[in-house]
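Below is model18.tsv, which holds TSV, N, CA and C atoms.
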```tsv
chain	number	residue	atom	x	y	z
A	9	MET	N	-118.36	-28.06	21.73
A	9	MET	CA	-117.55	-28.21	22.93
A	9	MET	C	-118.47	-28.13	24.14
A	10	SER	N	-118.56	-29.17	24.91
A	10	SER	CA	-119.48	-29.17	26.04
A	10	SER	C	-118.82	-28.75	27.33
A	11	GLY	N	-117.51	-28.70	27.39
A	11	GLY	CA	-116.85	-28.35	28.65
A	11	GLY	C	-116.12	-27.03	28.56
A	12	ILE	N	-116.26	-26.23	29.61
A	12	ILE	CA	-115.50	-24.99	29.71
A	12	ILE	C	-114.58	-25.16	30.89
A	13	ASN	N	-113.29	-25.06	30.67
A	13	ASN	CA	-112.33	-25.21	31.76
A	13	ASN	C	-112.11	-23.87	32.44
A	14	TYR	N	-111.96	-23.92	33.74
A	14	TYR	CA	-111.64	-22.71	34.47
A	14	TYR	C	-110.80	-23.07	35.67
A	15	GLU	N	-110.14	-22.07	36.21
A	15	GLU	CA	-109.24	-22.28	37.33
A	15	GLU	C	-109.61	-21.36	38.46
A	16	ILE	N	-109.56	-21.85	39.67
A	16	ILE	CA	-109.76	-21.04	40.86
A	16	ILE	C	-108.46	-21.08	41.63
A	17	GLN	N	-107.92	-19.92	41.91
A	17	GLN	CA	-106.67	-19.88	42.66
A	17	GLN	C	-106.97	-19.66	44.13
A	18	SER	N	-106.36	-20.46	44.98
A	18	SER	CA	-106.51	-20.26	46.41
A	18	SER	C	-105.49	-19.26	46.89
A	19	ARG	N	-105.63	-18.84	48.12
A	19	ARG	CA	-104.68	-17.87	48.67
A	19	ARG	C	-103.31	-18.49	48.89
A	20	LYS	N	-103.22	-19.79	48.79
A	20	LYS	CA	-101.93	-20.47	48.95
A	20	LYS	C	-101.26	-20.69	47.60
A	21	ARG	N	-101.78	-20.02	46.57
A	21	ARG	CA	-101.21	-20.08	45.23
A	21	ARG	C	-101.31	-21.45	44.57
A	22	ARG	N	-102.28	-22.23	44.99
A	22	ARG	CA	-102.55	-23.49	44.29
A	22	ARG	C	-103.74	-23.26	43.37
A	23	SER	N	-103.83	-24.01	42.34
A	23	SER	CA	-104.97	-23.89	41.44
A	23	SER	C	-105.84	-25.12	41.56
A	24	TYR	N	-107.12	-24.88	41.49
A	24	TYR	CA	-108.09	-25.97	41.45
A	24	TYR	C	-108.72	-25.93	40.07
A	25	LYS	N	-108.51	-26.97	39.29
A	25	LYS	CA	-109.03	-26.99	37.93
A	25	LYS	C	-110.35	-27.76	37.92
A	26	HIS	N	-111.32	-27.17	37.25
A	26	HIS	CA	-112.63	-27.78	37.14
A	26	HIS	C	-113.07	-27.70	35.70
A	27	THR	N	-114.01	-28.52	35.33
A	27	THR	CA	-114.60	-28.44	34.00
A	27	THR	C	-116.09	-28.19	34.17
A	28	PHE	N	-116.57	-27.21	33.47
A	28	PHE	CA	-117.98	-26.85	33.48
A	28	PHE	C	-118.61	-27.50	32.26
A	29	ASP	N	-119.47	-28.45	32.47
A	29	ASP	CA	-120.15	-29.13	31.37
A	29	ASP	C	-121.42	-28.35	31.04
A	30	TYR	N	-121.33	-27.53	30.03
A	30	TYR	CA	-122.44	-26.63	29.68
A	30	TYR	C	-123.73	-27.40	29.41
A	31	ASN	N	-123.64	-28.49	28.66
A	31	ASN	CA	-124.86	-29.23	28.30
A	31	ASN	C	-125.54	-29.80	29.53
A	32	PHE	N	-124.76	-30.34	30.47
A	32	PHE	CA	-125.34	-30.88	31.69
A	32	PHE	C	-125.99	-29.76	32.53
A	33	CYS	N	-125.27	-28.64	32.65
A	33	CYS	CA	-125.80	-27.52	33.44
A	33	CYS	C	-127.06	-26.95	32.79
A	34	LYS	N	-127.08	-26.89	31.49
A	34	LYS	CA	-128.28	-26.40	30.77
A	34	LYS	C	-129.45	-27.32	31.04
A	35	MET	N	-129.22	-28.63	31.02
A	35	MET	CA	-130.28	-29.60	31.30
A	35	MET	C	-130.80	-29.43	32.73
A	36	LYS	N	-129.88	-29.31	33.70
A	36	LYS	CA	-130.29	-29.14	35.10
A	36	LYS	C	-130.98	-27.80	35.30
A	37	TYR	N	-130.46	-26.76	34.65
A	37	TYR	CA	-131.09	-25.44	34.76
A	37	TYR	C	-132.53	-25.51	34.26
A	38	ASN	N	-132.73	-26.09	33.09
A	38	ASN	CA	-134.08	-26.19	32.52
A	38	ASN	C	-135.01	-26.99	33.42
A	39	GLU	N	-134.47	-28.02	34.04
A	39	GLU	CA	-135.26	-28.84	34.96
A	39	GLU	C	-135.86	-27.98	36.07
A	40	TYR	N	-135.06	-27.11	36.66
A	40	TYR	CA	-135.54	-26.25	37.75
A	40	TYR	C	-136.31	-25.04	37.25
A	41	ALA	N	-135.88	-24.45	36.14
A	41	ALA	CA	-136.50	-23.22	35.65
A	41	ALA	C	-137.94	-23.45	35.19
A	42	PHE	N	-138.25	-24.63	34.69
A	42	PHE	CA	-139.58	-24.87	34.17
A	42	PHE	C	-140.50	-25.60	35.15
A	43	MET	N	-140.05	-25.74	36.39
A	43	MET	CA	-140.88	-26.34	37.42
A	43	MET	C	-141.99	-25.38	37.83
A	44	GLU	N	-143.09	-25.95	38.28
A	44	GLU	CA	-144.13	-25.14	38.90
A	44	GLU	C	-143.60	-24.64	40.23
A	45	LEU	N	-144.13	-23.52	40.70
A	45	LEU	CA	-143.64	-22.90	41.93
A	45	LEU	C	-143.71	-23.85	43.13
A	46	ASP	N	-144.80	-24.59	43.27
A	46	ASP	CA	-144.93	-25.50	44.42
A	46	ASP	C	-143.85	-26.57	44.43
A	47	GLU	N	-143.53	-27.10	43.27
A	47	GLU	CA	-142.48	-28.12	43.17
A	47	GLU	C	-141.11	-27.50	43.47
A	48	PHE	N	-140.89	-26.29	42.95
A	48	PHE	CA	-139.63	-25.58	43.19
A	48	PHE	C	-139.47	-25.30	44.69
A	49	LYS	N	-140.55	-24.91	45.33
A	49	LYS	CA	-140.52	-24.62	46.77
A	49	LYS	C	-140.09	-25.86	47.54
A	50	LYS	N	-140.59	-27.03	47.14
A	50	LYS	CA	-140.18	-28.28	47.80
A	50	LYS	C	-138.68	-28.54	47.61
A	51	CYS	N	-138.16	-28.20	46.45
A	51	CYS	CA	-136.72	-28.37	46.18
A	51	CYS	C	-135.89	-27.49	47.10
A	52	LEU	N	-136.41	-26.29	47.41
A	52	LEU	CA	-135.68	-25.39	48.30
A	52	LEU	C	-135.60	-25.93	49.72
A	53	MET	N	-136.46	-26.88	50.05
A	53	MET	CA	-136.45	-27.47	51.39
A	53	MET	C	-135.69	-28.80	51.43
A	54	ASN	N	-135.19	-29.24	50.28
A	54	ASN	CA	-134.42	-30.48	50.17
A	54	ASN	C	-132.95	-30.08	50.03
A	55	PRO	N	-132.11	-30.45	51.00
A	55	PRO	CA	-130.70	-30.01	50.95
A	55	PRO	C	-129.96	-30.38	49.66
A	56	VAL	N	-130.24	-31.55	49.10
A	56	VAL	CA	-129.54	-31.96	47.87
A	56	VAL	C	-129.97	-31.09	46.70
A	57	LYS	N	-131.27	-30.89	46.55
A	57	LYS	CA	-131.79	-30.06	45.46
A	57	LYS	C	-131.36	-28.61	45.64
A	58	LEU	N	-131.41	-28.12	46.89
A	58	LEU	CA	-130.97	-26.76	47.17
A	58	LEU	C	-129.50	-26.58	46.80
A	59	GLY	N	-128.70	-27.60	47.08
A	59	GLY	CA	-127.29	-27.56	46.70
A	59	GLY	C	-127.11	-27.47	45.20
A	60	GLU	N	-127.91	-28.23	44.45
A	60	GLU	CA	-127.83	-28.16	42.99
A	60	GLU	C	-128.22	-26.78	42.48
A	61	ILE	N	-129.31	-26.24	43.02
A	61	ILE	CA	-129.76	-24.91	42.60
A	61	ILE	C	-128.69	-23.87	42.93
A	62	GLY	N	-128.14	-23.94	44.13
A	62	GLY	CA	-127.10	-23.00	44.53
A	62	GLY	C	-125.87	-23.10	43.67
A	63	HIS	N	-125.47	-24.33	43.36
A	63	HIS	CA	-124.30	-24.54	42.50
A	63	HIS	C	-124.54	-23.94	41.12
A	64	LEU	N	-125.71	-24.20	40.55
A	64	LEU	CA	-126.03	-23.63	39.24
A	64	LEU	C	-126.03	-22.11	39.27
A	65	CYS	N	-126.67	-21.55	40.29
A	65	CYS	CA	-126.74	-20.09	40.41
A	65	CYS	C	-125.35	-19.48	40.52
A	66	SER	N	-124.54	-20.04	41.39
A	66	SER	CA	-123.20	-19.51	41.60
A	66	SER	C	-122.40	-19.55	40.31
A	67	PHE	N	-122.46	-20.67	39.63
A	67	PHE	CA	-121.66	-20.80	38.43
A	67	PHE	C	-122.16	-19.93	37.30
A	68	ILE	N	-123.48	-19.87	37.12
A	68	ILE	CA	-124.03	-19.04	36.06
A	68	ILE	C	-123.68	-17.58	36.29
A	69	LEU	N	-123.80	-17.12	37.55
A	69	LEU	CA	-123.46	-15.74	37.86
A	69	LEU	C	-121.97	-15.48	37.64
A	70	TRP	N	-121.14	-16.44	37.99
A	70	TRP	CA	-119.69	-16.31	37.78
A	70	TRP	C	-119.39	-16.17	36.29
A	71	VAL	N	-119.99	-17.03	35.47
A	71	VAL	CA	-119.77	-16.99	34.02
A	71	VAL	C	-120.26	-15.66	33.45
A	72	LYS	N	-121.45	-15.22	33.86
A	72	LYS	CA	-122.00	-13.97	33.33
A	72	LYS	C	-121.11	-12.79	33.70
A	73	ASN	N	-120.66	-12.74	34.94
A	73	ASN	CA	-119.79	-11.64	35.34
A	73	ASN	C	-118.46	-11.69	34.62
A	74	LYS	N	-117.94	-12.90	34.40
A	74	LYS	CA	-116.67	-13.05	33.69
A	74	LYS	C	-116.82	-12.56	32.25
A	75	GLU	N	-117.97	-12.80	31.66
A	75	GLU	CA	-118.24	-12.37	30.28
A	75	GLU	C	-118.76	-10.93	30.22
A	76	ARG	N	-118.82	-10.28	31.36
A	76	ARG	CA	-119.28	-8.89	31.48
A	76	ARG	C	-120.78	-8.72	31.24
A	77	HIS	N	-121.55	-9.77	31.45
A	77	HIS	CA	-123.01	-9.65	31.44
A	77	HIS	C	-123.40	-9.37	32.88
A	78	GLU	N	-123.35	-8.12	33.28
A	78	GLU	CA	-123.56	-7.77	34.68
A	78	GLU	C	-124.93	-8.23	35.15
A	79	TYR	N	-124.95	-8.81	36.32
A	79	TYR	CA	-126.19	-9.27	36.93
A	79	TYR	C	-126.38	-8.54	38.24
A	80	ARG	N	-127.49	-7.90	38.40
A	80	ARG	CA	-127.80	-7.25	39.68
A	80	ARG	C	-129.29	-7.40	39.95
A	81	ASP	N	-129.61	-7.87	41.14
A	81	ASP	CA	-131.00	-7.83	41.58
A	81	ASP	C	-131.06	-6.82	42.71
A	82	SER	N	-132.19	-6.70	43.35
A	82	SER	CA	-132.34	-5.66	44.37
A	82	SER	C	-131.46	-5.90	45.59
A	83	LEU	N	-130.91	-7.08	45.74
A	83	LEU	CA	-130.03	-7.39	46.86
A	83	LEU	C	-128.56	-7.33	46.46
A	84	GLY	N	-128.26	-6.92	45.24
A	84	GLY	CA	-126.88	-6.89	44.79
A	84	GLY	C	-126.57	-8.11	43.94
A	85	ASP	N	-125.33	-8.21	43.50
A	85	ASP	CA	-124.94	-9.28	42.58
A	85	ASP	C	-125.29	-10.67	43.08
A	86	TYR	N	-125.11	-10.91	44.35
A	86	TYR	CA	-125.29	-12.27	44.83
A	86	TYR	C	-126.44	-12.39	45.82
A	87	GLY	N	-127.44	-11.55	45.66
A	87	GLY	CA	-128.63	-11.61	46.51
A	87	GLY	C	-129.33	-12.95	46.44
A	88	LEU	N	-129.35	-13.54	45.27
A	88	LEU	CA	-129.98	-14.84	45.08
A	88	LEU	C	-129.27	-15.90	45.92
A	89	ILE	N	-127.96	-15.89	45.91
A	89	ILE	CA	-127.18	-16.84	46.70
A	89	ILE	C	-127.46	-16.62	48.19
A	90	HIS	N	-127.54	-15.37	48.59
A	90	HIS	CA	-127.84	-15.03	49.98
A	90	HIS	C	-129.18	-15.64	50.41
A	91	LEU	N	-130.18	-15.51	49.56
A	91	LEU	CA	-131.49	-16.07	49.88
A	91	LEU	C	-131.46	-17.60	49.96
A	92	LEU	N	-130.64	-18.24	49.13
A	92	LEU	CA	-130.53	-19.69	49.19
A	92	LEU	C	-129.96	-20.14	50.53
A	93	PHE	N	-129.03	-19.37	51.08
A	93	PHE	CA	-128.50	-19.70	52.40
A	93	PHE	C	-129.60	-19.58	53.46
A	94	HIS	N	-130.48	-18.61	53.31
A	94	HIS	CA	-131.60	-18.50	54.24
A	94	HIS	C	-132.50	-19.74	54.17
A	95	CYS	N	-132.64	-20.29	52.99
A	95	CYS	CA	-133.45	-21.51	52.83
A	95	CYS	C	-132.84	-22.67	53.60
A	96	LEU	N	-131.52	-22.71	53.67
A	96	LEU	CA	-130.84	-23.74	54.46
A	96	LEU	C	-131.12	-23.56	55.95
A	97	GLU	N	-131.22	-22.32	56.37
A	97	GLU	CA	-131.40	-22.03	57.79
A	97	GLU	C	-132.77	-22.42	58.31
A	98	SER	N	-133.80	-22.24	57.48
A	98	SER	CA	-135.14	-22.60	57.96
A	98	SER	C	-136.10	-22.85	56.80
A	99	LYS	N	-137.01	-23.78	57.01
A	99	LYS	CA	-138.02	-24.08	55.99
A	99	LYS	C	-138.98	-22.92	55.82
A	100	GLU	N	-139.19	-22.16	56.89
A	100	GLU	CA	-140.07	-20.99	56.79
A	100	GLU	C	-139.48	-19.95	55.83
A	101	ASP	N	-138.16	-19.76	55.90
A	101	ASP	CA	-137.51	-18.85	54.96
A	101	ASP	C	-137.65	-19.37	53.53
A	102	ALA	N	-137.53	-20.68	53.35
A	102	ALA	CA	-137.69	-21.27	52.01
A	102	ALA	C	-139.09	-20.98	51.48
A	103	LYS	N	-140.09	-21.15	52.32
A	103	LYS	CA	-141.47	-20.87	51.89
A	103	LYS	C	-141.65	-19.39	51.57
A	104	GLN	N	-141.07	-18.53	52.41
A	104	GLN	CA	-141.24	-17.09	52.26
A	104	GLN	C	-140.56	-16.57	50.99
A	105	HIS	N	-139.39	-17.06	50.68
A	105	HIS	CA	-138.61	-16.52	49.56
A	105	HIS	C	-138.77	-17.31	48.26
A	106	ALA	N	-139.51	-18.40	48.27
A	106	ALA	CA	-139.58	-19.30	47.11
A	106	ALA	C	-140.00	-18.60	45.82
A	107	GLU	N	-141.03	-17.79	45.88
A	107	GLU	CA	-141.52	-17.16	44.66
A	107	GLU	C	-140.49	-16.20	44.07
A	108	TYR	N	-139.86	-15.42	44.92
A	108	TYR	CA	-138.85	-14.47	44.45
A	108	TYR	C	-137.64	-15.21	43.88
A	109	ILE	N	-137.18	-16.25	44.57
A	109	ILE	CA	-136.04	-17.04	44.09
A	109	ILE	C	-136.38	-17.68	42.75
A	110	HIS	N	-137.58	-18.24	42.65
A	110	HIS	CA	-138.01	-18.89	41.41
A	110	HIS	C	-138.02	-17.90	40.25
A	111	THR	N	-138.52	-16.69	40.50
A	111	THR	CA	-138.56	-15.66	39.45
A	111	THR	C	-137.15	-15.27	39.02
A	112	LEU	N	-136.26	-15.03	40.00
A	112	LEU	CA	-134.88	-14.67	39.66
A	112	LEU	C	-134.22	-15.78	38.86
A	113	PHE	N	-134.44	-17.02	39.29
A	113	PHE	CA	-133.81	-18.16	38.63
A	113	PHE	C	-134.29	-18.28	37.19
A	114	LYS	N	-135.59	-18.17	36.97
A	114	LYS	CA	-136.17	-18.34	35.64
A	114	LYS	C	-135.90	-17.17	34.70
A	115	GLU	N	-135.96	-15.97	35.23
A	115	GLU	CA	-135.94	-14.81	34.35
A	115	GLU	C	-134.63	-14.04	34.35
A	116	ASP	N	-134.02	-13.88	35.51
A	116	ASP	CA	-132.87	-12.98	35.60
A	116	ASP	C	-131.53	-13.63	35.31
A	117	ILE	N	-131.32	-14.86	35.78
A	117	ILE	CA	-130.01	-15.45	35.55
A	117	ILE	C	-130.00	-16.39	34.36
A	118	LYS	N	-131.11	-16.51	33.69
A	118	LYS	CA	-131.34	-17.42	32.57
A	118	LYS	C	-130.06	-17.90	31.88
A	119	LEU	N	-129.89	-19.21	31.85
A	119	LEU	CA	-128.77	-19.82	31.13
A	119	LEU	C	-129.23	-20.07	29.70
A	120	VAL	N	-128.56	-19.41	28.75
A	120	VAL	CA	-128.97	-19.52	27.35
A	120	VAL	C	-127.98	-20.33	26.55
```

The structure given in the file should be rewritten as structure tokens.
Amino acid sequence: MSGINYEIQSRKRRSYKHTFDYNFCKMKYNEYAFMELDEFKKCLMNPVKLGEIGHLCSFILWVKNKERHEYRDSLGDYGLIHLLFHCLESKEDAKQHAEYIHTLFKEDIKLV
């Protein structure tokens, strides 16, 4: 089964149904996780690639927390997401945080 269905309820009591394609996400995750740091740093400065990384991180963390695989880094559960927003704000932040983000992505949130 390659798709995991999930629902997000809005405050207006509507549901948004999405399908999580595990195989596709695993492929995209591996693409970023096995990049060299310099290449990964360039991705953090590209809005499209940064969006993909952020989407993967958000979803992987959501799945892990739902399955009770608690994830915590030194900034709290969603510190990684917080740092990705800083990358959007400035390229200097992307350069400064790239190594830490790359390490968290490869080692801590690992999609297995």

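If you measure from each of A:Phe67, A:Ala41, A:Met53, A:Cys33 to A:Phe113 using all atoms listed in the file, the closest one turns out to be A:Ala41.
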
*Identify which of the residues A:Lys50, A:His110, A:Lys36, A:Lys99 lies closest to A:His63, counting only C-alpha atoms when measuring atom-to-atom distances.*
A:Lys36

*atom CA of A:Met35 and atom CA of A:Glu60, how far apart in Å?*
12.0 Å

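Remark: for A:Ala106, the closest of the candidate residues A:Phe32, A:Phe42, A:Phe93, A:Phe48 is A:Phe48 (distances computed over only N, CA and C atoms).
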
*Give the answer as one residue: which of A:Glu100, A:Glu107, A:Glu115, A:Asp29 has the shortest atom-to-atom distance to A:Lys49, using only N, CA and C atoms?*
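Using only N, CA and C atoms, A:Lys49 sits closest to A:Glu107.
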